[in-house]
>>> print(open('data06.txt').read())   # compact mmCIF, C-alpha atoms
# COMPACT_ATOMS: atom_id res chain seq x y z
CA MET A 1195 -123.42 33.08 38.19
CA GLU A 1196 -125.34 36.02 36.71
CA ASP A 1197 -125.87 37.45 40.18
CA ILE A 1198 -122.13 37.30 40.82
CA LEU A 1199 -121.34 39.00 37.50
CA PHE A 1200 -123.90 41.67 38.33
CA GLU A 1201 -122.17 42.32 41.64
CA ILE A 1202 -118.76 42.59 39.97
CA GLY A 1203 -120.06 44.75 37.13
CA ASN A 1204 -121.96 47.02 39.48
CA LYS A 1205 -118.78 47.59 41.50
CA ILE A 1206 -116.95 48.64 38.32
CA VAL A 1207 -119.81 51.00 37.43
CA THR A 1208 -119.78 52.50 40.92
CA ASP A 1209 -116.00 53.06 40.86
CA ARG A 1210 -115.89 54.21 37.23
CA TYR A 1211 -114.49 57.69 37.94
CA GLN A 1212 -111.82 56.36 40.26
CA LEU A 1213 -110.80 53.81 37.64
CA ALA A 1214 -110.88 56.47 34.91
CA LYS A 1215 -108.55 58.68 36.94
CA SER A 1216 -106.08 55.82 37.29
CA ILE A 1217 -105.73 55.70 33.50
CA PHE A 1218 -104.25 59.21 33.54
CA THR A 1219 -101.50 57.87 35.79
CA LEU A 1220 -100.87 54.78 33.68
CA GLN A 1221 -100.98 56.35 30.22
CA ASP A 1222 -97.83 57.11 28.25
CA GLU A 1223 -96.26 60.43 29.22
CA SER A 1224 -95.98 61.68 25.64
CA TYR A 1225 -99.65 60.90 25.02
CA GLY A 1226 -100.56 62.75 28.19
CA LYS A 1227 -98.72 65.82 26.92
CA LYS A 1228 -100.62 65.67 23.64
CA LEU A 1229 -103.89 65.54 25.54
CA LYS A 1230 -102.93 68.66 27.46
CA LEU A 1231 -102.09 70.45 24.21
CA SER A 1232 -105.45 69.52 22.70
CA ARG A 1233 -108.56 71.67 22.94
CA VAL A 1234 -110.33 69.15 25.19
CA LYS A 1235 -110.44 69.79 28.92
CA GLU A 1236 -109.25 67.06 31.28
CA ASP A 1237 -112.69 66.89 32.92
CA GLN A 1238 -114.25 66.07 29.55
CA ILE A 1239 -111.70 63.32 28.92
CA LEU A 1240 -112.37 61.96 32.40
CA ASP A 1241 -116.11 61.84 31.65
CA TRP A 1242 -115.45 59.98 28.38
CA ARG A 1243 -113.28 57.42 30.10
CA ALA A 1244 -115.68 56.95 32.99
CA GLU A 1245 -118.50 56.36 30.53
CA LEU A 1246 -116.59 53.61 28.74
CA ILE A 1247 -115.72 51.95 32.04
CA GLU A 1248 -119.40 52.11 32.94
CA TYR A 1249 -120.24 50.22 29.75
CA ILE A 1250 -117.53 47.67 30.53
CA GLY A 1251 -119.06 47.09 33.96
CA LYS A 1252 -122.57 46.76 32.53
CA ALA A 1253 -121.32 44.34 29.88
CA LEU A 1254 -120.76 41.80 32.66
CA TYR A 1255 -124.49 41.50 33.29
CA ILE A 1256 -126.24 42.97 30.21
CA SER A 1257 -126.58 41.05 26.94
CA ASP A 1258 -124.27 41.89 24.03
CA ALA A 1259 -127.13 43.09 21.85
CA ASP A 1260 -128.22 45.65 24.44
CA ILE A 1261 -124.74 47.07 25.11
CA THR A 1262 -123.20 46.93 21.61
CA HIS A 1263 -125.25 49.84 20.26
CA ASP A 1264 -124.25 52.05 23.19
CA ILE A 1265 -120.58 51.12 22.78
CA ARG A 1266 -120.57 51.94 19.07
CA THR A 1267 -122.32 55.25 19.71
CA TRP A 1268 -119.75 56.12 22.38
CA ALA A 1269 -116.81 55.11 20.17
CA LYS A 1270 -118.07 57.09 17.16
CA ALA A 1271 -118.75 60.19 19.23
CA THR A 1272 -115.44 60.18 21.11
CA GLY A 1273 -113.46 59.16 18.04
CA HIS A 1274 -114.70 62.04 15.91
CA LEU A 1275 -114.41 64.50 18.80
CA ALA A 1276 -110.84 63.38 19.44
CA ILE A 1277 -109.80 63.91 15.82
CA SER A 1278 -111.55 67.26 15.54
CA ASN A 1279 -109.79 68.46 18.69
CA GLY A 1280 -106.30 67.36 17.73
CA ILE A 1281 -106.07 64.18 19.81
CA PRO A 1282 -104.21 61.43 17.87
CA LEU A 1283 -106.74 58.61 17.58
CA GLU A 1284 -104.05 56.12 16.53
CA GLU A 1285 -102.38 56.48 19.92
CA SER A 1286 -105.72 56.04 21.65
CA PHE A 1287 -105.62 52.39 20.58
CA ARG A 1288 -102.85 51.80 23.11
CA VAL A 1289 -104.85 53.50 25.85
CA LEU A 1290 -107.66 51.00 25.29
CA THR A 1291 -105.44 48.31 26.81
CA LEU A 1292 -105.42 50.37 30.01
CA PHE A 1293 -109.22 50.28 30.14
CA ARG A 1294 -109.02 46.52 30.01
CA ARG A 1295 -106.32 46.44 32.66
CA VAL A 1296 -108.03 48.67 35.25
CA SER A 1297 -111.42 47.03 34.70
CA PHE A 1298 -110.10 43.47 34.96
CA GLU A 1299 -108.01 44.29 38.03
CA ALA A 1300 -111.06 45.88 39.68
CA ALA A 1301 -113.07 42.75 38.93
CA MET A 1302 -110.36 40.51 40.41
CA ARG A 1303 -110.20 42.62 43.55
CA GLU A 1304 -113.94 42.29 44.01
CA ILE A 1305 -113.78 38.52 43.46
CA GLN A 1306 -110.98 38.09 46.00
CA MET A 1307 -112.41 40.50 48.56
CA LYS A 1308 -115.82 38.82 48.62
CA SER A 1309 -114.57 35.31 47.81
CA LEU A 1310 -116.82 35.14 44.78
CA THR A 1311 -116.88 32.09 42.53
CA ALA A 1312 -116.87 33.95 39.22
CA CYS A 1313 -114.60 32.62 36.49
CA PRO A 1314 -111.86 35.16 35.64
CA LEU A 1315 -111.82 33.87 32.05
CA ASP A 1316 -115.50 34.69 31.60
CA VAL A 1317 -114.96 38.18 33.01
CA SER A 1318 -111.95 38.69 30.74
CA LYS A 1319 -113.87 37.61 27.63
CA ARG A 1320 -116.70 40.04 28.30
CA ILE A 1321 -114.30 42.93 28.86
CA ASP A 1322 -112.30 42.02 25.75
CA ALA A 1323 -115.48 42.04 23.66
CA ILE A 1324 -116.09 45.68 24.60
CA ILE A 1325 -112.51 46.73 23.88
CA GLU A 1326 -112.61 44.94 20.51
CA GLU A 1327 -115.83 46.76 19.58
CA VAL A 1328 -114.27 50.13 20.37
CA THR A 1329 -111.10 49.19 18.49
CA PHE A 1330 -113.11 48.16 15.43
CA THR A 1331 -115.07 51.43 15.45
CA TYR A 1332 -111.95 53.56 15.96
CA ASN A 1333 -110.24 51.75 13.11
CA GLY A 1334 -113.10 52.60 10.76
CA ILE A 1335 -112.94 56.25 11.79
CA CYS A 1336 -109.17 56.36 11.22
CA ILE A 1337 -109.46 54.85 7.74
CA GLY A 1338 -112.22 57.26 6.77
CA TYR A 1339 -110.39 60.28 8.15
CA HIS A 1340 -107.08 59.53 6.46
CA SER A 1341 -108.78 58.80 3.14
CA GLN A 1342 -110.57 62.17 3.23
CA HIS A 1343 -107.42 63.92 4.42
CA GLN A 1344 -105.37 62.53 1.52
CA VAL A 1345 -107.99 63.62 -1.02
CA LYS A 1346 -108.13 67.07 0.55
CA ASP A 1347 -104.33 67.36 0.41
CA LEU A 1348 -104.37 66.32 -3.23
CA LEU A 1349 -106.99 68.85 -4.25
CA THR A 1350 -106.17 71.87 -2.09
CA ASP A 1351 -102.44 71.73 -1.35
CA ASP A 1352 -101.36 75.39 -1.44
CA GLN A 1353 -97.73 74.42 -2.02
CA LEU A 1354 -98.50 73.59 -5.65
CA HIS A 1355 -100.00 75.93 -8.23
CA ILE A 1356 -101.25 74.69 -11.62
CA THR A 1357 -101.95 77.26 -14.34
CA ILE A 1358 -101.67 76.47 -18.04
CA ILE A 1359 -100.79 79.54 -20.12
CA PRO A 1360 -101.42 79.42 -23.90
CA ILE A 1361 -98.48 80.69 -25.99
CA THR A 1362 -99.76 79.83 -29.45
CA ASP A 1363 -102.85 78.06 -30.72
CA THR A 1364 -101.21 74.69 -30.11
CA LEU A 1365 -98.49 75.43 -27.54
CA ALA A 1366 -98.91 76.18 -23.83
CA LEU A 1367 -96.72 76.74 -20.80
CA LEU A 1368 -97.21 75.11 -17.41
CA PRO A 1369 -95.14 77.05 -14.85
CA MET A 1370 -94.86 75.15 -11.58
CA THR A 1371 -93.81 76.49 -8.20
CA GLY A 1372 -93.32 75.11 -4.72
CA SER A 1373 -92.86 71.43 -3.92
CA ILE A 1374 -93.90 68.58 -6.18
CA HIS A 1375 -94.84 65.37 -4.40
CA PRO A 1376 -95.60 62.15 -6.29
CA LYS A 1377 -99.16 62.36 -4.95
CA HIS A 1378 -99.62 65.54 -7.02
CA THR A 1379 -98.68 64.04 -10.36
CA ASP A 1380 -102.01 62.32 -11.00
CA LEU A 1381 -103.75 65.65 -10.42
CA ILE A 1382 -101.28 67.45 -12.69
CA MET A 1383 -101.69 64.80 -15.38
CA LYS A 1384 -105.47 64.94 -15.25
CA GLU A 1385 -105.60 68.73 -15.32
CA THR A 1386 -103.03 68.93 -18.11
CA LEU A 1387 -104.79 66.37 -20.28
CA ASN A 1388 -108.17 68.02 -19.75
CA GLN A 1389 -106.92 71.53 -20.52
CA CYS A 1390 -104.88 70.41 -23.51
CA TYR A 1391 -107.98 68.71 -24.89
CA ASP A 1392 -110.21 71.72 -24.20
CA LYS A 1393 -107.71 74.14 -25.76
CA GLN A 1394 -106.78 71.71 -28.57
CA LEU A 1395 -103.09 71.90 -27.66
CA SER A 1396 -100.45 69.57 -29.01
CA ASP A 1397 -97.38 70.84 -27.17
CA ILE A 1398 -96.82 71.59 -23.46
CA LEU A 1399 -93.77 73.08 -21.72
CA PHE A 1400 -93.22 72.30 -18.05
CA ASP A 1401 -91.27 75.20 -16.52
CA LEU A 1402 -89.72 73.91 -13.27
CA SER A 1403 -87.60 76.96 -12.49
CA GLY A 1404 -89.76 77.66 -9.45
CA VAL A 1405 -89.74 74.10 -8.12
CA SER A 1406 -87.67 73.51 -5.01
CA ASN A 1407 -87.40 69.73 -5.09
CA LEU A 1408 -87.25 66.91 -7.61
CA ASP A 1409 -86.59 63.49 -6.09
CA LEU A 1410 -86.50 60.05 -7.68
CA PRO A 1411 -90.21 59.21 -7.21
CA THR A 1412 -91.19 62.59 -8.67
CA VAL A 1413 -88.93 62.16 -11.71
CA ASN A 1414 -90.41 58.71 -12.29
CA SER A 1415 -93.86 60.25 -12.09
CA LEU A 1416 -92.91 62.91 -14.65
CA THR A 1417 -91.70 60.17 -17.00
CA ARG A 1418 -95.02 58.40 -16.58
CA MET A 1419 -96.81 61.67 -17.25
CA LYS A 1420 -94.88 62.17 -20.49
CA LYS A 1421 -95.98 58.73 -21.68
CA ALA A 1422 -99.61 59.51 -20.93
CA LEU A 1423 -99.40 62.80 -22.82
CA THR A 1424 -97.62 61.12 -25.73
CA TYR A 1425 -100.40 58.54 -25.97
CA SER A 1426 -102.80 61.49 -26.24
CA GLY A 1427 -100.78 63.03 -29.07
CA ILE A 1428 -99.29 65.78 -26.91
CA SER A 1429 -95.58 66.59 -26.87
CA MET A 1430 -94.03 67.44 -23.50
CA CYS A 1431 -90.70 68.94 -22.51
CA ILE A 1432 -89.17 70.20 -19.28
CA CYS A 1433 -87.15 73.35 -18.72
CA GLY A 1434 -85.72 75.47 -15.94
CA ILE A 1435 -84.33 72.88 -13.53
CA GLN A 1436 -82.23 74.77 -11.00
CA PRO A 1437 -78.51 73.84 -10.62
CA SER A 1438 -78.95 72.89 -6.96
CA THR A 1439 -81.91 70.70 -7.86
CA ALA A 1440 -79.92 69.10 -10.69
CA LEU A 1441 -77.07 68.22 -8.30
CA SER A 1442 -79.53 66.69 -5.86
CA MET A 1443 -81.06 64.62 -8.66
CA VAL A 1444 -77.63 63.31 -9.67
CA ALA A 1445 -76.89 62.33 -6.07
CA GLN A 1446 -80.16 60.40 -5.94
CA GLY A 1447 -79.44 58.59 -9.19
CA CYS A 1448 -82.44 60.02 -11.05
CA ASN A 1449 -82.79 58.73 -14.61
CA LEU A 1450 -84.00 61.40 -17.03
CA ASN A 1451 -83.96 59.18 -20.10
CA GLY A 1452 -87.10 59.70 -22.12
CA LEU A 1453 -87.59 63.29 -20.97
CA THR A 1454 -86.84 66.21 -23.28
CA ILE A 1455 -85.05 68.85 -21.22
CA PHE A 1456 -83.94 72.44 -21.86
CA SER A 1457 -81.95 74.54 -19.45
CA THR A 1458 -84.21 77.57 -19.82
CA LEU A 1459 -87.65 78.46 -21.09
CA ARG A 1460 -86.01 80.67 -23.72
CA GLN A 1461 -84.16 77.70 -25.21
CA ALA A 1462 -87.34 75.63 -25.28
CA LEU A 1463 -89.20 78.40 -27.10
CA LEU A 1464 -86.34 78.96 -29.56
CA LYS A 1465 -86.42 75.26 -30.39
CA ARG A 1466 -90.03 75.77 -31.42
CA GLY A 1467 -89.20 78.84 -33.52
CA ILE A 1468 -90.48 81.35 -30.98
CA ARG A 1469 -88.24 84.29 -30.12
CA GLN A 1470 -88.79 86.40 -27.04
CA THR A 1471 -88.70 90.11 -27.79
CA ALA A 1472 -86.53 92.09 -25.42
CA ALA A 1473 -88.30 94.83 -23.52
CA LYS A 1474 -87.43 98.32 -24.70
>>> encode(input="data06.txt", output="structure tokens")
Amino acid sequence: MEDILFEIGNKIVTDRYQLAKSIFTLQDESYGKKLKLSRVKEDQILDWRAELIEYIGKALYISDADITHDIRTWAKATGHLAISNGIPLEESFRVLTLFRRVSFEAAMREIQMKSLTACPLDVSKRIDAIIEEVTFTYNGICIGYHSQHQVKDLLTDDQLHITIIPITDTLALLPMTGSIHPKHTDLIMKETLNQCYDKQLSDILFDLSGVSNLDLPTVNSLTRMKKALTYSGISMCICGIQPSTALSMVAQGCNLNGLTIFSTLRQALLKRGIRQTAAK
């Protein structure tokens, strides 16, 4: 039986480039276009695919322990290279089924052509084990990449600018510009609490006149932020919501109960006994 599996596997190894080329024909058209737009040359992708097919062929006659390390090394290398070169790794999962297909069909052709007595189920199981190992490794890479990407977005998003400006010894202004996403609110809350503590502030004004969007999740996050500040002994109010933004909030059914709101920064300052002096 092992001799037969060696013969089948060796045929797959020998024909690896031909089988790899067939995947280009079988793959989804939209995925093929994305590959062409990436920074990876087609010859490099062909080499990657041929290498995996070679491992699949060898898996038919080499023990799992000997081939698993090579498979994981291949998957990690190609996975990271794909991401760094703009190839969507999530869509590569679907392409893995094509590796199984072309390899299994090649094995069946060899069995039929030479009237071999190999069990198709045994061949299928060995091929599936390789595909599962690659899938598992790719999945780990995807999870790690997206986790890092989300943290990077949270910390370096250039659409949001956070600068607390002291007005009095206890009052400060937080002018916000750009787009506020619910993912930003934890960062805003942390930075606000830290700076209020460092500056010994007790009152903070959120000026949203430069903010282009306020949807329901964001409003809910602002309400949660006010509670956190209140628990820390810090008063918070909002001012400067644009008319177009206000209309959009009404349409979305946003509930502003619990938030202290002023139409302009001037009104918020007047409420606190601070008058702006007109420029002469």
>>> atom_distance(input="data06.txt", atom1="atom CA of A:Val1317", atom2="atom CA of A:Ile1335")
27.9 Å
>>> axis_aligned_box(input="data06.txt", around="stretch 1408-1419 of chain A", padding_each_side="8 Å", output="AutoDock Vina command-line options")
--center_x -91.7 --center_y 62.7 --center_z -11.7 --size_x 26.3 --size_y 24.5 --size_z 27.2
>>> closest_residue(input="data06.txt", among="A:Thr1379, A:Ser1406, A:Thr1208, A:Ser1442", to="A:Tyr1249", atoms="all atoms listed in the file")
A:Thr1208
>>> residues_near_point(input="data06.txt", point="(-124.1, 39.5, 23.6)", cutoff="12 Å", atoms="only C-alpha atoms", output="PDB file with C-alpha atoms, in the coordinates of the input")
ATOM      1  CA  LYS A1252    -122.570  46.760  32.530  1.00  0.00           C
ATOM      2  CA  ALA A1253    -121.320  44.340  29.880  1.00  0.00           C
ATOM      3  CA  LEU A1254    -120.760  41.800  32.660  1.00  0.00           C
ATOM      4  CA  TYR A1255    -124.490  41.500  33.290  1.00  0.00           C
ATOM      5  CA  ILE A1256    -126.240  42.970  30.210  1.00  0.00           C
ATOM      6  CA  SER A1257    -126.580  41.050  26.940  1.00  0.00           C
ATOM      7  CA  ASP A1258    -124.270  41.890  24.030  1.00  0.00           C
ATOM      8  CA  ALA A1259    -127.130  43.090  21.850  1.00  0.00           C
ATOM      9  CA  ASP A1260    -128.220  45.650  24.440  1.00  0.00           C
ATOM     10  CA  ILE A1261    -124.740  47.070  25.110  1.00  0.00           C
ATOM     11  CA  THR A1262    -123.200  46.930  21.610  1.00  0.00           C
ATOM     12  CA  HIS A1263    -125.250  49.840  20.260  1.00  0.00           C
ATOM     13  CA  LYS A1319    -113.870  37.610  27.630  1.00  0.00           C
ATOM     14  CA  ARG A1320    -116.700  40.040  28.300  1.00  0.00           C
ATOM     15  CA  ILE A1321    -114.300  42.930  28.860  1.00  0.00           C
ATOM     16  CA  ALA A1323    -115.480  42.040  23.660  1.00  0.00           C
ATOM     17  CA  ILE A1324    -116.090  45.680  24.600  1.00  0.00           C
ATOM     18  CA  GLU A1327    -115.830  46.760  19.580  1.00  0.00           C
TER      19      GLU A1327
END
>>> residues_near_point(input="data06.txt", point="(-107.0, 45.0, 25.6)", cutoff="9 Å", atoms="all atoms listed in the file", output="ChimeraX atom specification")
/A:1288-1295,1321-1322,1325-1326
>>> closest_residue(input="data06.txt", among="A:Asn1388, A:Thr1362, A:Thr1331, A:Ser1415", to="A:Leu1453", atoms="all atoms listed in the file")
A:Ser1415
>>> closest_residue(input="data06.txt", among="A:Gly1467, A:Gly1203, A:Gly1334, A:Gly1434", to="A:Gly1273", atoms="all atoms listed in the file")
A:Gly1334
>>> atom_distance(input="data06.txt", atom1="atom CA of A:Leu1310", atom2="atom CA of A:Ile1198")
7.0 Å
>>> decode(input="data06.txt", residues="stretch 1276-1305 of chain A", atoms="N, CA, C and O atoms", output="mmCIF file, in the first residue's frame")
data_model
loop_
_atom_site.group_PDB
_atom_site.id
_atom_site.type_symbol
_atom_site.label_atom_id
_atom_site.label_comp_id
_atom_site.auth_asym_id
_atom_site.auth_seq_id
_atom_site.Cartn_x
_atom_site.Cartn_y
_atom_site.Cartn_z
ATOM 1 N N ALA A 1276 1.339 37.402 1.648
ATOM 2 C CA ALA A 1276 0.092 37.773 0.974
ATOM 3 C C ALA A 1276 -0.483 39.050 1.574
ATOM 4 O O ALA A 1276 -0.837 39.995 0.855
ATOM 5 N N ILE A 1277 -0.573 39.101 2.891
ATOM 6 C CA ILE A 1277 -1.128 40.276 3.562
ATOM 7 C C ILE A 1277 -0.287 41.516 3.289
ATOM 8 O O ILE A 1277 -0.808 42.588 2.982
ATOM 9 N N SER A 1278 1.025 41.374 3.389
ATOM 10 C CA SER A 1278 1.906 42.527 3.192
ATOM 11 C C SER A 1278 1.894 43.032 1.758
ATOM 12 O O SER A 1278 2.269 44.173 1.495
ATOM 13 N N ASN A 1279 1.444 42.196 0.827
ATOM 14 C CA ASN A 1279 1.407 42.601 -0.576
ATOM 15 C C ASN A 1279 -0.009 42.850 -1.084
ATOM 16 O O ASN A 1279 -0.248 42.907 -2.293
ATOM 17 N N GLY A 1280 -0.946 42.985 -0.160
ATOM 18 C CA GLY A 1280 -2.299 43.375 -0.543
ATOM 19 C C GLY A 1280 -3.180 42.267 -1.069
ATOM 20 O O GLY A 1280 -4.221 42.528 -1.679
ATOM 21 N N ILE A 1281 -2.808 41.010 -0.845
ATOM 22 C CA ILE A 1281 -3.644 39.889 -1.280
ATOM 23 C C ILE A 1281 -4.573 39.512 -0.127
ATOM 24 O O ILE A 1281 -4.104 39.218 0.970
ATOM 25 N N PRO A 1282 -5.893 39.532 -0.330
ATOM 26 C CA PRO A 1282 -6.839 39.225 0.756
ATOM 27 C C PRO A 1282 -6.734 37.774 1.207
ATOM 28 O O PRO A 1282 -7.124 36.860 0.486
ATOM 29 N N LEU A 1283 -6.198 37.565 2.397
ATOM 30 C CA LEU A 1283 -5.976 36.207 2.891
ATOM 31 C C LEU A 1283 -7.293 35.482 3.139
ATOM 32 O O LEU A 1283 -7.383 34.260 2.973
ATOM 33 N N GLU A 1284 -8.341 36.236 3.537
ATOM 34 C CA GLU A 1284 -9.634 35.604 3.783
ATOM 35 C C GLU A 1284 -10.145 34.881 2.539
ATOM 36 O O GLU A 1284 -10.707 33.792 2.622
ATOM 37 N N GLU A 1285 -9.934 35.487 1.376
ATOM 38 C CA GLU A 1285 -10.407 34.867 0.142
ATOM 39 C C GLU A 1285 -9.523 33.694 -0.271
ATOM 40 O O GLU A 1285 -9.938 32.841 -1.056
ATOM 41 N N SER A 1286 -8.317 33.651 0.259
ATOM 42 C CA SER A 1286 -7.420 32.540 -0.054
ATOM 43 C C SER A 1286 -7.931 31.231 0.537
ATOM 44 O O SER A 1286 -7.560 30.147 0.068
ATOM 45 N N PHE A 1287 -8.776 31.334 1.574
ATOM 46 C CA PHE A 1287 -9.357 30.123 2.156
ATOM 47 C C PHE A 1287 -10.137 29.342 1.098
ATOM 48 O O PHE A 1287 -10.089 28.115 1.050
ATOM 49 N N ARG A 1288 -10.867 30.069 0.258
ATOM 50 C CA ARG A 1288 -11.661 29.401 -0.774
ATOM 51 C C ARG A 1288 -10.778 28.740 -1.822
ATOM 52 O O ARG A 1288 -11.121 27.701 -2.379
ATOM 53 N N VAL A 1289 -9.619 29.354 -2.080
ATOM 54 C CA VAL A 1289 -8.707 28.794 -3.072
ATOM 55 C C VAL A 1289 -8.125 27.469 -2.579
ATOM 56 O O VAL A 1289 -7.786 26.593 -3.378
ATOM 57 N N LEU A 1290 -8.037 27.307 -1.260
ATOM 58 C CA LEU A 1290 -7.494 26.058 -0.723
ATOM 59 C C LEU A 1290 -8.312 24.850 -1.171
ATOM 60 O O LEU A 1290 -7.770 23.755 -1.345
ATOM 61 N N THR A 1291 -9.609 25.049 -1.364
ATOM 62 C CA THR A 1291 -10.436 23.926 -1.834
ATOM 63 C C THR A 1291 -10.023 23.491 -3.236
ATOM 64 O O THR A 1291 -10.191 22.323 -3.600
ATOM 65 N N LEU A 1292 -9.471 24.427 -4.003
ATOM 66 C CA LEU A 1292 -9.007 24.085 -5.350
ATOM 67 C C LEU A 1292 -7.741 23.237 -5.296
ATOM 68 O O LEU A 1292 -7.531 22.372 -6.152
ATOM 69 N N PHE A 1293 -6.898 23.489 -4.299
ATOM 70 C CA PHE A 1293 -5.711 22.646 -4.123
ATOM 71 C C PHE A 1293 -6.136 21.202 -3.854
ATOM 72 O O PHE A 1293 -5.544 20.259 -4.398
ATOM 73 N N ARG A 1294 -7.146 21.064 -3.018
ATOM 74 C CA ARG A 1294 -7.639 19.720 -2.723
ATOM 75 C C ARG A 1294 -8.200 19.069 -3.983
ATOM 76 O O ARG A 1294 -7.934 17.900 -4.276
ATOM 77 N N ARG A 1295 -8.966 19.858 -4.723
ATOM 78 C CA ARG A 1295 -9.624 19.332 -5.923
ATOM 79 C C ARG A 1295 -8.612 18.842 -6.958
ATOM 80 O O ARG A 1295 -8.704 17.699 -7.428
ATOM 81 N N VAL A 1296 -7.648 19.700 -7.315
ATOM 82 C CA VAL A 1296 -6.711 19.318 -8.383
ATOM 83 C C VAL A 1296 -5.802 18.177 -7.935
ATOM 84 O O VAL A 1296 -5.433 17.304 -8.750
ATOM 85 N N SER A 1297 -5.457 18.150 -6.645
ATOM 86 C CA SER A 1297 -4.587 17.083 -6.142
ATOM 87 C C SER A 1297 -5.325 15.750 -6.108
ATOM 88 O O SER A 1297 -4.782 14.709 -6.522
ATOM 89 N N PHE A 1298 -6.565 15.775 -5.627
ATOM 90 C CA PHE A 1298 -7.337 14.534 -5.541
ATOM 91 C C PHE A 1298 -7.660 14.000 -6.936
ATOM 92 O O PHE A 1298 -7.577 12.787 -7.186
ATOM 93 N N GLU A 1299 -8.014 14.894 -7.847
ATOM 94 C CA GLU A 1299 -8.315 14.457 -9.213
ATOM 95 C C GLU A 1299 -7.073 13.877 -9.883
ATOM 96 O O GLU A 1299 -7.162 12.889 -10.633
ATOM 97 N N ALA A 1300 -5.915 14.458 -9.611
ATOM 98 C CA ALA A 1300 -4.666 13.922 -10.169
ATOM 99 C C ALA A 1300 -4.391 12.528 -9.616
ATOM 100 O O ALA A 1300 -3.948 11.623 -10.345
ATOM 101 N N ALA A 1301 -4.672 12.352 -8.318
ATOM 102 C CA ALA A 1301 -4.472 11.042 -7.696
ATOM 103 C C ALA A 1301 -5.413 10.005 -8.305
ATOM 104 O O ALA A 1301 -5.013 8.868 -8.598
ATOM 105 N N MET A 1302 -6.669 10.394 -8.522
ATOM 106 C CA MET A 1302 -7.640 9.459 -9.098
ATOM 107 C C MET A 1302 -7.274 9.091 -10.537
ATOM 108 O O MET A 1302 -7.456 7.941 -10.959
ATOM 109 N N ARG A 1303 -6.746 10.041 -11.272
ATOM 110 C CA ARG A 1303 -6.324 9.736 -12.649
ATOM 111 C C ARG A 1303 -5.187 8.717 -12.647
ATOM 112 O O ARG A 1303 -5.160 7.793 -13.465
ATOM 113 N N GLU A 1304 -4.266 8.893 -11.719
ATOM 114 C CA GLU A 1304 -3.136 7.963 -11.631
ATOM 115 C C GLU A 1304 -3.609 6.571 -11.224
ATOM 116 O O GLU A 1304 -3.126 5.555 -11.750
ATOM 117 N N ILE A 1305 -4.558 6.516 -10.298
ATOM 118 C CA ILE A 1305 -5.098 5.227 -9.853
ATOM 119 C C ILE A 1305 -5.793 4.507 -11.003
ATOM 120 O O ILE A 1305 -5.587 3.304 -11.237
#
